[in-house]
$ cat data-v7.pdb   # PDB, C-alpha atoms, pLDDT in the B column
ATOM      1  CA  MET A   1       0.000   0.000   0.000  1.00 72.00           C
ATOM      2  CA  VAL A   2       3.011   2.354   0.432  1.00 78.00           C
ATOM      3  CA  GLY A   3       3.045   4.767  -2.504  1.00 82.00           C
ATOM      4  CA  GLU A   4      -0.667   4.321  -3.182  1.00 83.00           C
ATOM      5  CA  ILE A   5      -2.636   7.514  -3.835  1.00 88.00           C
ATOM      6  CA  ILE A   6      -5.934   7.820  -1.968  1.00 85.00           C
ATOM      7  CA  GLU A   7      -8.639  10.274  -2.951  1.00 86.00           C
ATOM      8  CA  GLY A   8     -10.436  11.897  -0.053  1.00 78.00           C
ATOM      9  CA  MET A   9     -12.664  14.892   0.474  1.00 71.00           C
ATOM     10  CA  THR A  10     -12.015  17.989   2.525  1.00 65.00           C
ATOM     11  CA  ARG A  11     -14.642  19.384   4.882  1.00 62.00           C
ATOM     12  CA  ARG A  12     -15.621  21.837   2.158  1.00 68.00           C
ATOM     13  CA  GLY A  13     -16.159  19.051  -0.383  1.00 71.00           C
ATOM     14  CA  LYS A  14     -12.968  19.519  -2.415  1.00 76.00           C
ATOM     15  CA  LYS A  15     -10.950  16.520  -3.564  1.00 83.00           C
ATOM     16  CA  ASN A  16      -7.818  15.831  -1.567  1.00 84.00           C
ATOM     17  CA  TYR A  17      -5.148  13.423  -2.826  1.00 90.00           C
ATOM     18  CA  LEU A  18      -3.006  11.675  -0.230  1.00 91.00           C
ATOM     19  CA  GLU A  19      -0.033   9.366  -0.711  1.00 90.00           C
ATOM     20  CA  VAL A  20       0.516   6.503   1.721  1.00 90.00           C
ATOM     21  CA  ILE A  21       4.054   6.984   3.064  1.00 88.00           C
ATOM     22  CA  THR A  22       4.009   4.338   5.831  1.00 81.00           C
ATOM     23  CA  ASP A  23       1.605   1.482   6.328  1.00 82.00           C
ATOM     24  CA  ILE A  24       1.666  -1.380   8.796  1.00 79.00           C
ATOM     25  CA  GLY A  25      -0.579  -3.603   6.655  1.00 76.00           C
ATOM     26  CA  GLY A  26      -2.630  -6.273   8.327  1.00 74.00           C
ATOM     27  CA  PRO A  27      -5.289  -8.942   8.180  1.00 70.00           C
ATOM     28  CA  GLU A  28      -8.345  -8.962   5.964  1.00 67.00           C
ATOM     29  CA  GLU A  29     -10.575  -9.259   9.038  1.00 76.00           C
ATOM     30  CA  ILE A  30     -10.522  -7.891  12.563  1.00 85.00           C
ATOM     31  CA  SER A  31     -12.399  -8.833  15.723  1.00 88.00           C
ATOM     32  CA  ILE A  32     -13.687  -6.289  18.232  1.00 92.00           C
ATOM     33  CA  ASP A  33     -12.614  -8.695  20.977  1.00 91.00           C
ATOM     34  CA  SER A  34      -8.957  -8.428  19.901  1.00 89.00           C
ATOM     35  CA  ILE A  35      -8.626  -4.613  20.045  1.00 91.00           C
ATOM     36  CA  GLU A  36      -8.974  -1.818  22.580  1.00 90.00           C
ATOM     37  CA  ILE A  37      -8.805   1.965  22.668  1.00 89.00           C
ATOM     38  CA  PHE A  38      -6.637   4.174  24.847  1.00 82.00           C
ATOM     39  CA  PHE A  39      -5.989   7.869  25.453  1.00 76.00           C
ATOM     40  CA  PRO A  40      -2.718   8.998  23.849  1.00 64.00           C
ATOM     41  CA  LYS A  41       0.035  10.599  25.899  1.00 60.00           C
ATOM     42  CA  PHE A  42       2.947  12.289  24.227  1.00 54.00           C
ATOM     43  CA  LEU A  43       6.421  13.101  25.379  1.00 45.00           C
ATOM     44  CA  ASN A  44       6.799  16.770  26.252  1.00 48.00           C
ATOM     45  CA  ARG A  45      10.166  17.377  24.588  1.00 47.00           C
ATOM     46  CA  ASN A  46      10.603  20.719  26.352  1.00 45.00           C
ATOM     47  CA  ARG A  47      10.767  18.925  29.699  1.00 47.00           C
ATOM     48  CA  GLY A  48      13.187  16.265  28.468  1.00 51.00           C
ATOM     49  CA  ALA A  49      11.092  13.499  30.004  1.00 53.00           C
ATOM     50  CA  ASN A  50      11.919   9.842  29.556  1.00 56.00           C
ATOM     51  CA  PRO A  51       8.938   8.163  27.821  1.00 54.00           C
ATOM     52  CA  LEU A  52       8.787   5.552  30.565  1.00 57.00           C
ATOM     53  CA  SER A  53       8.910   8.036  33.438  1.00 56.00           C
ATOM     54  CA  PRO A  54       6.031   9.711  35.334  1.00 54.00           C
ATOM     55  CA  GLU A  55       6.887  12.938  33.498  1.00 53.00           C
ATOM     56  CA  TYR A  56       5.556  11.392  30.294  1.00 51.00           C
ATOM     57  CA  VAL A  57       2.467  13.604  29.886  1.00 50.00           C
ATOM     58  CA  SER A  58      -0.201  14.759  27.463  1.00 46.00           C
ATOM     59  CA  VAL A  59       0.618  18.069  25.842  1.00 46.00           C
ATOM     60  CA  LYS A  60      -1.180  20.337  23.398  1.00 44.00           C
ATOM     61  CA  SER A  61       1.839  20.945  21.215  1.00 47.00           C
ATOM     62  CA  TYR A  62       3.853  18.063  19.831  1.00 51.00           C
ATOM     63  CA  CYS A  63       5.712  17.084  16.709  1.00 54.00           C
ATOM     64  CA  ALA A  64       5.619  14.045  14.440  1.00 56.00           C
ATOM     65  CA  VAL A  65       8.675  12.671  16.277  1.00 56.00           C
ATOM     66  CA  ASP A  66       6.674  12.644  19.539  1.00 59.00           C
ATOM     67  CA  LEU A  67       3.941  10.647  17.843  1.00 62.00           C
ATOM     68  CA  ARG A  68       6.421   8.196  16.320  1.00 58.00           C
ATOM     69  CA  ASP A  69       8.249   7.685  19.631  1.00 60.00           C
ATOM     70  CA  HIS A  70       5.038   7.193  21.569  1.00 60.00           C
ATOM     71  CA  LEU A  71       3.628   4.691  19.125  1.00 60.00           C
ATOM     72  CA  ARG A  72       6.853   2.686  19.107  1.00 59.00           C
ATOM     73  CA  ILE A  73       6.660   2.359  22.908  1.00 59.00           C
ATOM     74  CA  VAL A  74       3.036   1.183  22.992  1.00 58.00           C
ATOM     75  CA  ASP A  75       3.512  -1.197  20.033  1.00 59.00           C
ATOM     76  CA  MET A  76       0.996   0.627  17.865  1.00 63.00           C
ATOM     77  CA  ASN A  77       0.240  -1.517  14.874  1.00 72.00           C
ATOM     78  CA  LEU A  78      -3.257  -0.808  13.569  1.00 86.00           C
ATOM     79  CA  GLY A  79      -3.633   1.174  10.371  1.00 89.00           C
ATOM     80  CA  LEU A  80      -5.912   1.960   7.454  1.00 90.00           C
ATOM     81  CA  CYS A  81      -6.698  -1.654   6.556  1.00 91.00           C
ATOM     82  CA  HIS A  82      -7.884  -2.236  10.137  1.00 92.00           C
ATOM     83  CA  ALA A  83     -10.075   0.872  10.078  1.00 93.00           C
ATOM     84  CA  GLU A  84     -11.614  -0.331   6.815  1.00 92.00           C
ATOM     85  CA  CYS A  85     -12.233  -3.774   8.354  1.00 92.00           C
ATOM     86  CA  LEU A  86     -13.994  -2.154  11.318  1.00 93.00           C
ATOM     87  CA  LEU A  87     -16.231  -0.217   8.927  1.00 92.00           C
ATOM     88  CA  LYS A  88     -17.432  -3.547   7.506  1.00 92.00           C
ATOM     89  CA  ILE A  89     -18.461  -4.728  10.983  1.00 92.00           C
ATOM     90  CA  GLN A  90     -19.363  -1.354  12.474  1.00 93.00           C
ATOM     91  CA  GLY A  91     -22.509  -2.754  14.064  1.00 93.00           C
ATOM     92  CA  ARG A  92     -20.213  -4.626  16.481  1.00 94.00           C
ATOM     93  CA  ILE A  93     -18.237  -1.542  17.546  1.00 95.00           C
ATOM     94  CA  PRO A  94     -19.181  -0.841  21.195  1.00 95.00           C
ATOM     95  CA  ASP A  95     -21.670   2.019  21.615  1.00 95.00           C
ATOM     96  CA  LYS A  96     -19.379   3.596  24.235  1.00 95.00           C
ATOM     97  CA  TRP A  97     -16.757   4.195  21.520  1.00 96.00           C
ATOM     98  CA  ARG A  98     -19.142   6.534  19.671  1.00 95.00           C
ATOM     99  CA  GLU A  99     -18.117   9.428  21.924  1.00 94.00           C
ATOM    100  CA  TYR A 100     -14.511   9.192  20.672  1.00 93.00           C
ATOM    101  CA  LYS A 101     -12.570   9.796  17.496  1.00 92.00           C
ATOM    102  CA  LEU A 102     -10.633   6.582  16.817  1.00 93.00           C
ATOM    103  CA  TYR A 103      -7.151   6.974  15.295  1.00 89.00           C
ATOM    104  CA  PHE A 104      -5.180   4.337  13.357  1.00 89.00           C
ATOM    105  CA  PRO A 105      -1.575   5.584  13.196  1.00 83.00           C
ATOM    106  CA  GLY A 106      -0.159   2.438  11.610  1.00 84.00           C
ATOM    107  CA  THR A 107      -0.799   4.297   8.338  1.00 87.00           C
ATOM    108  CA  ILE A 108       0.608   7.763   7.690  1.00 86.00           C
ATOM    109  CA  LEU A 109      -0.272   9.731   4.566  1.00 88.00           C
ATOM    110  CA  ARG A 110       1.080  12.927   3.014  1.00 88.00           C
ATOM    111  CA  ARG A 111      -0.776  15.405   0.825  1.00 88.00           C
ATOM    112  CA  VAL A 112       0.330  14.974  -2.789  1.00 91.00           C
ATOM    113  CA  GLY A 113       2.439  18.005  -3.663  1.00 86.00           C
ATOM    114  CA  GLY A 114       2.659  19.075  -0.017  1.00 85.00           C
ATOM    115  CA  ASN A 115       4.186  18.276   3.339  1.00 82.00           C
ATOM    116  CA  ASP A 116       1.090  17.927   5.552  1.00 82.00           C
ATOM    117  CA  LEU A 117       0.859  14.534   7.268  1.00 83.00           C
ATOM    118  CA  PHE A 118      -2.450  12.736   7.838  1.00 86.00           C
ATOM    119  CA  MET A 119      -3.674   9.617   9.593  1.00 86.00           C
ATOM    120  CA  PRO A 120      -6.916   7.662   9.254  1.00 91.00           C
ATOM    121  CA  ARG A 121      -9.610   7.898  11.899  1.00 90.00           C
ATOM    122  CA  LEU A 122     -13.130   6.643  12.423  1.00 94.00           C
ATOM    123  CA  TRP A 123     -15.722   9.146  13.589  1.00 92.00           C
ATOM    124  CA  TRP A 124     -19.305   8.475  14.659  1.00 94.00           C
ATOM    125  CA  GLY A 125     -21.822  10.681  12.883  1.00 88.00           C
ATOM    126  CA  HIS A 126     -25.523  10.718  12.083  1.00 81.00           C
ATOM    127  CA  ASN A 127     -25.306   7.865   9.582  1.00 85.00           C
ATOM    128  CA  GLY A 128     -22.835   5.631  11.417  1.00 93.00           C
ATOM    129  CA  TRP A 129     -19.058   5.398  11.433  1.00 95.00           C
ATOM    130  CA  THR A 130     -17.136   7.348   8.795  1.00 92.00           C
ATOM    131  CA  LEU A 131     -13.524   6.958   7.682  1.00 91.00           C
ATOM    132  CA  GLN A 132     -11.671  10.271   7.563  1.00 89.00           C
ATOM    133  CA  TYR A 133      -8.105  11.372   6.926  1.00 88.00           C
ATOM    134  CA  VAL A 134      -7.084  14.088   9.356  1.00 84.00           C
ATOM    135  CA  PRO A 135      -3.963  16.270   9.454  1.00 81.00           C
ATOM    136  CA  PHE A 136      -1.759  15.934  12.539  1.00 72.00           C
ATOM    137  CA  TRP A 137      -1.457  19.690  12.984  1.00 65.00           C
ATOM    138  CA  GLN A 138      -5.214  20.207  13.325  1.00 61.00           C
ATOM    139  CA  GLN A 139      -5.495  17.959  16.363  1.00 62.00           C
ATOM    140  CA  THR A 140      -5.337  19.118  19.961  1.00 62.00           C
ATOM    141  CA  TRP A 141      -4.134  15.801  21.309  1.00 61.00           C
ATOM    142  CA  SER A 142      -4.742  16.570  24.970  1.00 60.00           C
ATOM    143  CA  GLN A 143      -8.528  16.615  24.486  1.00 66.00           C
ATOM    144  CA  ASP A 144     -10.271  13.614  25.977  1.00 71.00           C
ATOM    145  CA  PHE A 145     -12.231  12.525  22.892  1.00 81.00           C
ATOM    146  CA  HIS A 146      -9.125  11.232  21.062  1.00 81.00           C
ATOM    147  CA  ARG A 147      -8.499   7.494  21.280  1.00 85.00           C
ATOM    148  CA  PHE A 148      -5.939   5.344  19.548  1.00 84.00           C
ATOM    149  CA  VAL A 149      -6.760   1.756  18.643  1.00 87.00           C
ATOM    150  CA  HIS A 150      -4.352  -1.093  19.327  1.00 83.00           C
ATOM    151  CA  TRP A 151      -4.293  -4.855  19.862  1.00 84.00           C
ATOM    152  CA  LYS A 152      -5.185  -6.052  23.331  1.00 84.00           C
ATOM    153  CA  LYS A 153      -2.188  -7.216  25.305  1.00 76.00           C
TER     154      LYS A 153
END
$ encode --input "data-v7.pdb" --output "structure tokens"
Amino acid sequence: MVGEIIEGMTRRGKKNYLEVITDIGGPEEISIDSIEIFFPKFLNRNRGANPLSPEYVSVKSYCAVDLRDHLRIVDMNLGLCHAECLLKIQGRIPDKWREYKLYFPGTILRRVGGNDLFMPRLWWGHNGWTLQYVPFWQQTWSQDFHRFVHWKK
């Protein structure tokens, strides 16, 4: 899937072309019983905290390196293919998860002809779950409605 161009829509209805620059890949099917969601916490680089220390905290500002480092530590390995699998079985997604935006950082995309980075997310709306591609820089990661999806340990 790396190098694939995906066509998406912006909030204003314009076409947006994104290139897959990293992708974890994965199974054709996924079970709700094998995954869980968690609130992301990012390393505050200004404090010089060790990611495994108590100083490892949620912050409003971060960089892509923070995201990469955090996901490496928590063994984040769910991406776009997993989000698409969940869409197929969305009736099984727990109702409690509807209050969150679910992120799948195993896939990272970049705007064609640009530098903005995006990741897939599922969002609950009026007609069910929707797959969206959201830019990193537009997210305020310390807000409680963000959840990342990963395999249960």
$ atom_distance --input "data-v7.pdb" --atom1 "atom CA of A:Val134" --atom2 "atom CA of A:Met119"
5.6 Å
$ resolve_selection --input "data-v7.pdb" --expression "the PyMOL selection byres ((chain A and resi 35) around 10)" --output "mmCIF file with C-alpha atoms, keeping the file's coordinate frame"
data_model
loop_
_atom_site.group_PDB
_atom_site.id
_atom_site.type_symbol
_atom_site.label_atom_id
_atom_site.label_comp_id
_atom_site.auth_asym_id
_atom_site.auth_seq_id
_atom_site.Cartn_x
_atom_site.Cartn_y
_atom_site.Cartn_z
ATOM 1 C CA ILE A 30 -10.522 -7.891 12.563
ATOM 2 C CA SER A 31 -12.399 -8.833 15.723
ATOM 3 C CA ILE A 32 -13.687 -6.289 18.232
ATOM 4 C CA ASP A 33 -12.614 -8.695 20.977
ATOM 5 C CA SER A 34 -8.957 -8.428 19.901
ATOM 6 C CA GLU A 36 -8.974 -1.818 22.580
ATOM 7 C CA ILE A 37 -8.805 1.965 22.668
ATOM 8 C CA LEU A 78 -3.257 -0.808 13.569
ATOM 9 C CA VAL A 149 -6.760 1.756 18.643
ATOM 10 C CA HIS A 150 -4.352 -1.093 19.327
ATOM 11 C CA TRP A 151 -4.293 -4.855 19.862
ATOM 12 C CA LYS A 152 -5.185 -6.052 23.331
ATOM 13 C CA LYS A 153 -2.188 -7.216 25.305
#
$ atom_distance --input "data-v7.pdb" --atom1 "atom CA of A:Asn77" --atom2 "atom CA of A:Pro105"
7.5 Å
$ atom_distance --input "data-v7.pdb" --atom1 "atom CA of A:Pro27" --atom2 "atom CA of A:Val2"
16.0 Å
$ resolve_selection --input "data-v7.pdb" --expression "the PyMOL selection byres ((chain A and resi 89) around 12)" --output "list of chain:residue names"
A:Glu29, A:Ile30, A:Ser31, A:Ile32, A:His82, A:Ala83, A:Glu84, A:Cys85, A:Leu86, A:Leu87, A:Lys88, A:Gln90, A:Gly91, A:Arg92, A:Ile93, A:Pro94, A:Gly128, A:Trp129
$ residues_around --input "data-v7.pdb" --residues "A:Val20" --least-positions-apart "5" --cutoff "12 Å" --atoms "all atoms listed in the file" --output "PDB file with C-alpha atoms, in the frame of the given file"
ATOM      1  CA  MET A   1       0.000   0.000   0.000  1.00 72.00           C
ATOM      2  CA  VAL A   2       3.011   2.354   0.432  1.00 78.00           C
ATOM      3  CA  GLY A   3       3.045   4.767  -2.504  1.00 82.00           C
ATOM      4  CA  GLU A   4      -0.667   4.321  -3.182  1.00 83.00           C
ATOM      5  CA  ILE A   5      -2.636   7.514  -3.835  1.00 88.00           C
ATOM      6  CA  ILE A   6      -5.934   7.820  -1.968  1.00 85.00           C
ATOM      7  CA  GLU A   7      -8.639  10.274  -2.951  1.00 86.00           C
ATOM      8  CA  GLY A  25      -0.579  -3.603   6.655  1.00 76.00           C
ATOM      9  CA  GLY A  79      -3.633   1.174  10.371  1.00 89.00           C
ATOM     10  CA  LEU A  80      -5.912   1.960   7.454  1.00 90.00           C
ATOM     11  CA  CYS A  81      -6.698  -1.654   6.556  1.00 91.00           C
ATOM     12  CA  PRO A 105      -1.575   5.584  13.196  1.00 83.00           C
ATOM     13  CA  GLY A 106      -0.159   2.438  11.610  1.00 84.00           C
ATOM     14  CA  THR A 107      -0.799   4.297   8.338  1.00 87.00           C
ATOM     15  CA  ILE A 108       0.608   7.763   7.690  1.00 86.00           C
ATOM     16  CA  LEU A 109      -0.272   9.731   4.566  1.00 88.00           C
ATOM     17  CA  ARG A 110       1.080  12.927   3.014  1.00 88.00           C
ATOM     18  CA  ARG A 111      -0.776  15.405   0.825  1.00 88.00           C
ATOM     19  CA  VAL A 112       0.330  14.974  -2.789  1.00 91.00           C
ATOM     20  CA  LEU A 117       0.859  14.534   7.268  1.00 83.00           C
ATOM     21  CA  PHE A 118      -2.450  12.736   7.838  1.00 86.00           C
ATOM     22  CA  MET A 119      -3.674   9.617   9.593  1.00 86.00           C
ATOM     23  CA  PRO A 120      -6.916   7.662   9.254  1.00 91.00           C
ATOM     24  CA  TYR A 133      -8.105  11.372   6.926  1.00 88.00           C
TER      25      TYR A 133
END
$ resolve_selection --input "data-v7.pdb" --expression "the PyMOL selection byres ((chain A and resi 99) around 9)" --output "list in words"
Asp95, Lys96, Trp97, Arg98, Tyr100, Lys101, Trp123, Trp124 and Phe145 of chain A
$ axis_aligned_box --input "data-v7.pdb" --around "stretch 17-30 of chain A" --padding-each-side "8 Å" --output "lines of an AutoDock Vina configuration file"
center_x = -3.3
center_y = 2.1
center_z = 4.9
size_x = 30.6
size_y = 38.7
size_z = 31.4
$ residues_around --input "data-v7.pdb" --residues "A:Phe38" --least-positions-apart "2" --cutoff "10 Å" --atoms "all atoms listed in the file" --output "PyMOL selection string"
chain A and resi 36+40-41+102-103+146-150
$ write_last_selection --input "data-v7.pdb" --atoms "C-alpha atoms" --output "mmCIF file, in the frame of the given file"
data_model
loop_
_atom_site.group_PDB
_atom_site.id
_atom_site.type_symbol
_atom_site.label_atom_id
_atom_site.label_comp_id
_atom_site.auth_asym_id
_atom_site.auth_seq_id
_atom_site.Cartn_x
_atom_site.Cartn_y
_atom_site.Cartn_z
ATOM 1 C CA GLU A 36 -8.974 -1.818 22.580
ATOM 2 C CA PRO A 40 -2.718 8.998 23.849
ATOM 3 C CA LYS A 41 0.035 10.599 25.899
ATOM 4 C CA LEU A 102 -10.633 6.582 16.817
ATOM 5 C CA TYR A 103 -7.151 6.974 15.295
ATOM 6 C CA HIS A 146 -9.125 11.232 21.062
ATOM 7 C CA ARG A 147 -8.499 7.494 21.280
ATOM 8 C CA PHE A 148 -5.939 5.344 19.548
ATOM 9 C CA VAL A 149 -6.760 1.756 18.643
ATOM 10 C CA HIS A 150 -4.352 -1.093 19.327
#
$ closest_residue --input "data-v7.pdb" --among "A:Pro135, A:Gly8, A:Thr130, A:Gly13" --to "A:Asp116" --atoms "all atoms listed in the file"
A:Pro135
$ closest_residue --input "data-v7.pdb" --among "A:Phe136, A:Phe104, A:Asp144, A:Asp23" --to "A:Arg121" --atoms "all atoms listed in the file"
A:Phe104
